[in-house]
>>> print(open('structure-v3.txt').read())   # compact mmCIF, C-alpha atoms
# COMPACT_ATOMS: atom_id res chain seq x y z
CA MET A 746 10.57 24.90 -0.02
CA THR A 747 9.40 25.33 3.58
CA ALA A 748 11.90 25.63 6.45
CA ALA A 749 10.94 22.15 7.68
CA ALA A 750 11.42 20.60 4.23
CA ALA A 751 14.80 22.34 3.88
CA ALA A 752 15.85 20.98 7.28
CA TYR A 753 14.82 17.44 6.22
CA VAL A 754 16.83 17.74 3.01
CA LYS A 755 19.88 18.89 4.95
CA ALA A 756 19.52 16.07 7.49
CA LEU A 757 19.30 13.47 4.71
CA ASP A 758 22.22 15.08 2.95
CA LEU A 759 24.42 14.58 6.03
CA ILE A 760 23.50 10.89 6.14
CA THR A 761 24.19 10.30 2.45
CA ARG A 762 27.60 11.99 2.74
CA VAL A 763 28.85 9.07 4.84
CA ARG A 764 30.95 6.82 2.62
CA GLY A 765 29.03 3.67 1.67
CA VAL A 766 25.54 5.09 2.23
CA ARG A 767 23.46 4.55 -0.90
CA GLY A 768 20.41 6.46 0.22
CA ALA A 769 18.46 7.91 3.11
CA MET A 770 14.77 8.44 3.70
CA LEU A 771 12.29 9.82 6.18
CA VAL A 772 9.32 7.48 6.34
CA SER A 773 5.95 7.91 8.01
CA ALA A 774 5.94 4.99 10.45
CA GLU A 775 2.16 4.69 10.53
CA ASP A 776 1.42 4.47 6.81
CA GLY A 777 4.81 3.56 5.29
CA ILE A 778 4.85 6.53 2.91
CA VAL A 779 8.07 8.37 1.99
CA VAL A 780 8.23 11.85 3.55
CA ALA A 781 11.60 12.80 2.05
CA GLU A 782 14.30 10.83 0.27
CA GLN A 783 17.78 10.98 -1.22
CA LEU A 784 18.39 7.67 -2.96
CA MET A 785 20.83 6.35 -5.52
CA GLU A 786 19.31 4.99 -8.69
CA GLY A 787 18.09 1.40 -8.40
CA ILE A 788 16.77 1.65 -4.84
CA LYS A 789 13.00 1.29 -4.76
CA GLY A 790 12.05 4.02 -2.28
CA PRO A 791 8.31 3.26 -1.92
CA ALA A 792 9.01 -0.48 -1.46
CA VAL A 793 11.74 0.08 1.15
CA SER A 794 9.60 2.60 3.04
CA ALA A 795 6.45 0.45 3.07
CA LEU A 796 8.31 -2.67 4.18
CA ALA A 797 10.49 -0.85 6.74
CA ALA A 798 7.38 0.69 8.33
CA SER A 799 5.69 -2.71 8.41
CA LEU A 800 8.80 -4.18 10.06
CA ALA A 801 8.87 -1.28 12.55
CA THR A 802 5.31 -2.05 13.63
CA ARG A 803 6.14 -5.72 14.18
CA LEU A 804 9.38 -4.94 15.97
CA ARG A 805 7.57 -2.52 18.26
CA ARG A 806 5.16 -5.29 19.23
CA ALA A 807 8.03 -7.72 19.77
CA MET A 808 9.81 -5.18 21.99
CA GLU A 809 6.62 -4.58 23.95
CA ALA A 810 6.07 -8.33 24.37
CA ALA A 811 9.65 -8.76 25.53
CA GLY A 812 9.22 -5.87 27.96
CA VAL A 813 12.35 -4.08 26.77
CA GLY A 814 10.81 -0.75 25.76
CA ALA A 815 10.84 1.04 22.43
CA SER A 816 13.52 0.30 19.84
CA LEU A 817 16.10 3.06 19.44
CA PHE A 818 18.14 1.80 16.48
CA TRP A 819 18.14 -1.24 14.19
CA HIS A 820 20.83 -2.53 11.91
CA LEU A 821 19.91 -5.29 9.47
CA GLN A 822 22.98 -6.70 7.76
CA ALA A 823 22.52 -8.47 4.44
CA GLU A 824 24.99 -10.03 1.98
CA GLN A 825 25.03 -7.04 -0.32
CA GLY A 826 24.22 -4.20 2.02
CA ALA A 827 22.58 -3.04 5.18
CA LEU A 828 19.45 -1.28 6.35
CA LEU A 829 19.84 1.06 9.32
CA VAL A 830 16.86 2.69 11.00
CA VAL A 831 16.23 5.11 13.86
CA PRO A 832 12.57 5.45 14.89
CA THR A 833 11.69 8.91 16.10
CA GLY A 834 8.88 11.18 17.28
CA GLY A 835 6.68 8.47 18.75
CA ALA A 836 7.57 5.81 16.15
CA GLY A 837 8.46 3.65 19.15
CA GLU A 838 4.78 3.72 20.06
CA ALA A 839 2.63 4.21 16.96
CA GLY A 840 2.99 6.85 14.29
CA GLY A 841 6.04 9.10 14.17
CA THR A 842 8.84 8.95 11.64
CA LEU A 843 11.56 6.49 10.72
CA VAL A 844 14.96 7.73 9.61
CA VAL A 845 16.21 5.05 7.22
CA ALA A 846 19.58 4.52 5.56
CA VAL A 847 20.43 1.96 2.88
CA ALA A 848 24.15 1.24 2.86
CA GLU A 849 26.94 -0.90 1.43
CA PRO A 850 27.88 -3.98 3.49
CA ASP A 851 31.16 -2.49 4.72
CA VAL A 852 29.78 0.91 5.78
CA ASN A 853 30.93 2.51 9.04
CA VAL A 854 27.83 1.64 11.07
CA GLY A 855 28.79 3.86 14.02
CA LEU A 856 29.08 6.91 11.80
CA VAL A 857 25.78 6.23 10.03
CA ARG A 858 24.07 5.68 13.39
CA LEU A 859 25.36 9.04 14.57
CA GLU A 860 24.01 10.82 11.50
CA LEU A 861 20.67 8.98 11.77
CA LEU A 862 20.34 10.12 15.39
CA ARG A 863 21.18 13.70 14.37
CA ALA A 864 18.55 13.56 11.64
CA ALA A 865 16.07 12.14 14.16
CA GLU A 866 16.64 15.21 16.35
CA VAL A 867 15.86 17.47 13.38
CA VAL A 868 12.69 15.54 12.55
CA GLY A 869 11.68 15.53 16.21
CA MET B 1320 -11.19 -15.83 4.92
CA THR B 1321 -12.27 -16.94 1.47
CA THR B 1322 -11.41 -15.50 -1.89
CA ARG B 1323 -13.79 -16.19 -4.75
CA ALA B 1324 -14.03 -15.05 -8.35
CA VAL B 1325 -16.79 -14.89 -10.94
CA GLU B 1326 -14.12 -14.50 -13.64
CA THR B 1327 -11.42 -17.03 -12.79
CA TRP B 1328 -8.48 -15.08 -14.28
CA THR B 1329 -8.83 -12.57 -11.43
CA LEU B 1330 -8.45 -15.19 -8.68
CA GLU B 1331 -4.70 -15.83 -8.62
CA PRO B 1332 -3.67 -12.13 -8.69
CA LEU B 1333 -6.21 -11.38 -5.97
CA VAL B 1334 -5.10 -14.21 -3.68
CA LYS B 1335 -1.47 -13.07 -4.06
CA PHE B 1336 -2.39 -9.44 -3.32
CA VAL B 1337 -4.41 -10.31 -0.21
CA LYS B 1338 -1.57 -12.40 1.17
CA GLU B 1339 1.13 -9.80 0.54
CA ALA B 1340 -0.74 -6.60 1.40
CA GLY B 1341 -2.55 -8.08 4.42
CA ALA B 1342 -5.88 -6.77 3.12
CA ARG B 1343 -9.02 -7.55 5.10
CA LEU B 1344 -11.64 -7.08 2.38
CA VAL B 1345 -11.16 -6.71 -1.37
CA LEU B 1346 -13.54 -6.27 -4.28
CA VAL B 1347 -12.50 -6.33 -7.93
CA MET B 1348 -15.31 -4.95 -10.05
CA THR B 1349 -16.10 -3.16 -13.26
CA SER B 1350 -16.56 0.60 -13.16
CA ALA B 1351 -20.31 -0.09 -13.25
CA GLY B 1352 -20.06 -2.03 -9.98
CA GLN B 1353 -20.33 -5.56 -11.40
CA VAL B 1354 -18.23 -7.71 -9.06
CA LEU B 1355 -15.62 -10.02 -10.64
CA ALA B 1356 -13.96 -11.24 -7.45
CA GLN B 1357 -14.09 -10.73 -3.72
CA HIS B 1358 -12.10 -11.55 -0.61
CA GLY B 1359 -13.28 -11.53 2.97
CA PHE B 1360 -16.95 -10.70 2.59
CA SER B 1361 -19.37 -13.05 4.31
CA ARG B 1362 -22.70 -11.60 3.20
CA ALA B 1363 -23.99 -10.91 -0.31
CA VAL B 1364 -25.68 -7.72 0.82
CA ASP B 1365 -22.32 -6.30 1.97
CA VAL B 1366 -20.75 -7.07 -1.41
CA MET B 1367 -23.61 -5.37 -3.25
CA SER B 1368 -23.44 -2.28 -1.01
CA ALA B 1369 -19.65 -1.99 -1.14
CA ALA B 1370 -19.60 -2.46 -4.93
CA ALA B 1371 -22.30 0.15 -5.50
CA LEU B 1372 -20.64 2.66 -3.16
CA GLY B 1373 -17.15 2.04 -4.54
CA ALA B 1374 -18.32 2.41 -8.14
CA ALA B 1375 -20.19 5.59 -7.20
CA ILE B 1376 -17.10 7.10 -5.55
CA MET B 1377 -15.00 6.28 -8.62
CA ALA B 1378 -17.64 7.81 -10.89
CA SER B 1379 -17.73 10.95 -8.72
CA THR B 1380 -13.96 11.40 -8.68
CA ASP B 1381 -13.76 10.73 -12.43
CA GLU B 1382 -16.32 13.46 -12.99
CA MET B 1383 -14.47 15.85 -10.68
CA ALA B 1384 -11.28 15.20 -12.63
CA ARG B 1385 -13.15 15.86 -15.87
CA GLU B 1386 -14.49 19.14 -14.48
CA LEU B 1387 -10.91 20.11 -13.58
CA ARG B 1388 -9.78 19.01 -17.05
CA GLN B 1389 -7.39 16.52 -15.49
CA PRO B 1390 -6.77 12.84 -16.19
CA ALA B 1391 -8.78 10.54 -13.89
CA PHE B 1392 -7.42 10.30 -10.33
CA ALA B 1393 -5.26 7.20 -9.92
CA ALA B 1394 -6.31 6.23 -6.41
CA LEU B 1395 -8.18 7.37 -3.36
CA ASN B 1396 -7.35 6.54 0.24
CA HIS B 1397 -9.49 7.15 3.27
CA GLN B 1398 -7.88 6.44 6.60
CA GLY B 1399 -10.00 5.89 9.67
CA GLU B 1400 -9.09 5.14 13.27
CA ARG B 1401 -8.68 1.38 12.80
CA HIS B 1402 -9.22 0.75 9.10
CA GLY B 1403 -8.22 2.27 5.80
CA ILE B 1404 -10.07 2.18 2.49
CA PHE B 1405 -8.13 2.24 -0.76
CA LEU B 1406 -9.92 2.59 -4.08
CA ALA B 1407 -8.16 2.61 -7.44
CA GLY B 1408 -8.70 1.87 -11.12
CA VAL B 1409 -6.88 -0.83 -13.08
CA ALA B 1410 -6.63 -0.90 -16.89
CA THR B 1411 -7.05 -4.46 -18.20
CA GLY B 1412 -7.98 -6.27 -21.39
CA ARG B 1413 -11.44 -6.60 -19.84
CA GLY B 1414 -11.71 -2.79 -19.67
CA ARG B 1415 -11.16 -0.53 -16.71
CA LEU B 1416 -11.67 -2.34 -13.43
CA VAL B 1417 -11.92 -0.92 -9.94
CA ALA B 1418 -10.34 -2.41 -6.83
CA LEU B 1419 -11.73 -1.61 -3.41
CA VAL B 1420 -9.43 -2.61 -0.56
CA VAL B 1421 -10.18 -2.39 3.16
CA TYR B 1422 -7.17 -2.89 5.43
CA ASP B 1423 -6.64 -2.99 9.19
CA LEU B 1424 -4.12 -0.39 10.33
CA ASP B 1425 -2.79 -2.93 12.85
CA VAL B 1426 -1.92 -5.40 10.10
CA SER B 1427 -1.20 -3.34 7.01
CA SER B 1428 -0.59 0.24 5.91
CA LEU B 1429 -1.25 2.54 2.99
CA GLY B 1430 2.34 2.08 1.86
CA LEU B 1431 2.02 -1.71 1.74
CA VAL B 1432 -1.36 -1.58 -0.02
CA GLN B 1433 -0.02 0.88 -2.61
CA LEU B 1434 3.12 -1.17 -3.11
CA PHE B 1435 1.34 -4.46 -3.71
CA PHE B 1436 -1.52 -2.83 -5.59
CA GLU B 1437 0.96 -1.95 -8.35
CA GLN B 1438 1.73 -5.67 -8.62
CA LEU B 1439 -1.98 -6.56 -8.55
CA ALA B 1440 -2.62 -4.10 -11.40
CA ALA B 1441 0.22 -5.62 -13.44
CA ASP B 1442 -0.95 -9.19 -12.70
CA LEU B 1443 -4.56 -8.41 -13.64
CA GLN B 1444 -3.39 -6.70 -16.80
CA ALA B 1445 -1.30 -9.74 -17.74
CA ALA B 1446 -3.99 -12.31 -16.85
CA SER B 1447 -6.96 -10.53 -18.42
CA PRO B 1448 -8.45 -11.94 -21.61
CA LYS B 1449 -7.37 -9.84 -24.58
CA ASP B 1450 -9.57 -8.51 -27.36
CA THR B 1451 -12.81 -9.45 -25.68
CA VAL B 1452 -15.87 -7.29 -25.86
CA PRO B 1453 -17.48 -7.03 -22.42
CA LYS B 1454 -20.92 -8.61 -22.36
CA GLN B 1455 -23.72 -6.09 -22.22
CA VAL B 1456 -25.94 -6.62 -19.21
CA LEU B 1457 -29.53 -6.13 -20.25
CA ALA B 1458 -32.10 -4.96 -17.74
CA ALA B 1459 -34.07 -8.16 -18.28
CA ASP B 1460 -31.03 -10.31 -17.39
CA PHE B 1461 -29.69 -8.09 -14.63
CA GLU B 1462 -31.29 -9.77 -11.65
CA ARG B 1463 -30.46 -13.29 -12.84
CA GLN B 1464 -26.84 -12.34 -13.61
CA LEU B 1465 -26.48 -10.61 -10.25
CA SER B 1466 -27.90 -13.65 -8.51
CA ASP B 1467 -25.55 -15.98 -10.43
CA SER B 1468 -22.55 -13.79 -9.55
CA LEU B 1469 -23.42 -13.69 -5.87
CA ASN B 1470 -23.93 -17.46 -5.84
CA THR B 1471 -20.45 -17.90 -7.31
CA LEU B 1472 -18.90 -15.36 -4.94
CA PHE B 1473 -20.33 -17.10 -1.89
CA GLY B 1474 -19.95 -20.67 -3.13
CA ARG B 1475 -23.65 -21.51 -3.27
>>> encode(input="structure-v3.txt", output="structure tokens")
Amino acid sequence: MTAAAAAYVKALDLITRVRGVRGAMLVSAEDGIVVAEQLMEGIKGPAVSALAASLATRLRRAMEAAGVGASLFWHLQAEQGALLVVPTGGAGEAGGTLVVAVAEPDVNVGLVRLELLRAAEVVG
Amino acid sequence: MTTRAVETWTLEPLVKFVKEAGARLVLVMTSAGQVLAQHGFSRAVDVMSAAALGAAIMASTDEMARELRQPAFAALNHQGERHGIFLAGVATGRGRLVALVVYDLDVSSLGLVQLFFEQLAADLQAASPKDTVPKQVLAADFERQLSDSLNTLFGR
């Protein structure tokens, strides 16, 4: 395993250690492909990554249209869980990487956000 | 954009795929390049060229896999500045088919195309006629059959 890959694994590991997090992924924002993942069974990694990247592209355009700059963090709350994302490394423009967490509905969002931002620093 | 099919069982899966994956152009064809359905093409000459080139690429990669003593490659993606091309085989009751997908990077992505292609493959597999022997295209009939197919694909 390369040093970069080991760093990605460690970053994802820190996210998934937060109670209530069911999985974490690094996703290529441009093509929606999984770069690295640590997911519990039953989570469809390729589907989540493709759709999250598609959503990121649309959100970026919405942010641009609204004139509020690049998105820094999103939290989508659903009945049975939540999706939390930090775009990084130019993902606010085009390309870059998304740090994605899939979590239980009652997860500590602040803590997950902190770990996502830390992972984003590692990914660059 | 219109979607048309020579073999009607391909139409519904293709329409669903185009809508979900946000594909710009799609061809579903046999590995010999005989087109069964198309989406987004406006000229017959473009369909013929794309089908011939797509079938040739699949034949080349199949041969490369054979040389490497590997199973055939599942899919091939070529990403350009504004568009991507995705080419993959689908096993159906009608034999092995090839799907050629062109997508705009502004609208879709490789991840989305791959994701919904899996569903397209499953839908085509389920919808395909079972236990049918593909009709042999004789040289004498080739031009007429090609002409008939293009007429169907462009609603003439």
>>> closest_residue(input="structure-v3.txt", among="B:Ser1427, B:Val1366, B:Val1421, B:Glu1331", to="Ala1445 of chain B", atoms="only C-alpha atoms")
B:Glu1331
>>> atom_distance(input="structure-v3.txt", atom1="atom CA of Ser1379 of chain B", atom2="atom CA of Leu1416 of chain B")
15.3 Å
>>> interface_residues(input="structure-v3.txt", of="chain A", to="chain B", cutoff="10 Å", atoms="all atoms listed in the file", output="number ranges by chain")
A: 772-779, 791-799, 802-803, 839
>>> residues_around(input="structure-v3.txt", residues="Val1417 of chain B", least_positions_apart="4", cutoff="7 Å", atoms="only C-alpha atoms", output="ChimeraX atom specification")
/B:1347-1350,1407-1409
>>> residues_around(input="structure-v3.txt", residues="Gln822 of chain A", least_positions_apart="4", cutoff="10 Å", atoms="only C-alpha atoms", output="list in words")
Gly826, Ala827, Leu828, Leu829, Ala848, Glu849, Pro850 and Asp851 of chain A
>>> residues_around(input="structure-v3.txt", residues="segment 767-769 of chain A", least_positions_apart="5", cutoff="8 Å", atoms="all atoms listed in the file", output="number ranges by chain")
A: 757, 760-761, 782-785, 788, 844-849
>>> closest_residue(input="structure-v3.txt", among="A:Ala781, A:Gly765, A:Val854, A:Ala865", to="Ala751 of chain A", atoms="all atoms listed in the file")
A:Ala781
>>> closest_residue(input="structure-v3.txt", among="B:Leu1395, B:Val1364, B:Leu1443, B:Ala1340", to="Met1377 of chain B", atoms="only C-alpha atoms")
B:Leu1395
>>> atom_distance(input="structure-v3.txt", atom1="atom CA of Ala1375 of chain B", atom2="atom CA of Asp1460 of chain B")
21.8 Å
>>> atom_distance(input="structure-v3.txt", atom1="atom CA of Pro832 of chain A", atom2="atom CA of Gly1399 of chain B")
23.2 Å
>>> residues_around(input="structure-v3.txt", residues="segment 1333-1336 of chain B", least_positions_apart="4", cutoff="9 Å", atoms="all atoms listed in the file", output="list in words")
Thr1322, Arg1323, Ala1324, Thr1329, Ala1340, Gly1341, Ala1342, Val1345, Val1347, Ala1356, Gln1357, His1358, Val1432, Phe1435, Phe1436, Gln1438, Leu1439, Asp1442 and Leu1443 of chain B
>>> closest_residue(input="structure-v3.txt", among="A:Ala756, A:Val867, A:Ala807, A:Ala801", to="Trp819 of chain A", atoms="only C-alpha atoms")
A:Ala801
>>> closest_residue(input="structure-v3.txt", among="B:Ser1368, B:Thr1380, B:Gln1353, B:Thr1411", to="Ala1441 of chain B", atoms="only C-alpha atoms")
B:Thr1411
>>> axis_aligned_box(input="structure-v3.txt", around="segment 765-778 of chain A", padding_each_side="5 Å", output="lines of an AutoDock Vina configuration file")
center_x = 15.2
center_y = 6.7
center_z = 4.8
size_x = 37.6
size_y = 16.3
size_z = 21.4
>>> closest_residue(input="structure-v3.txt", among="B:Arg1413, B:Ser1361, B:Asp1423, B:Val1354", to="Gln1464 of chain B", atoms="only C-alpha atoms")
B:Val1354
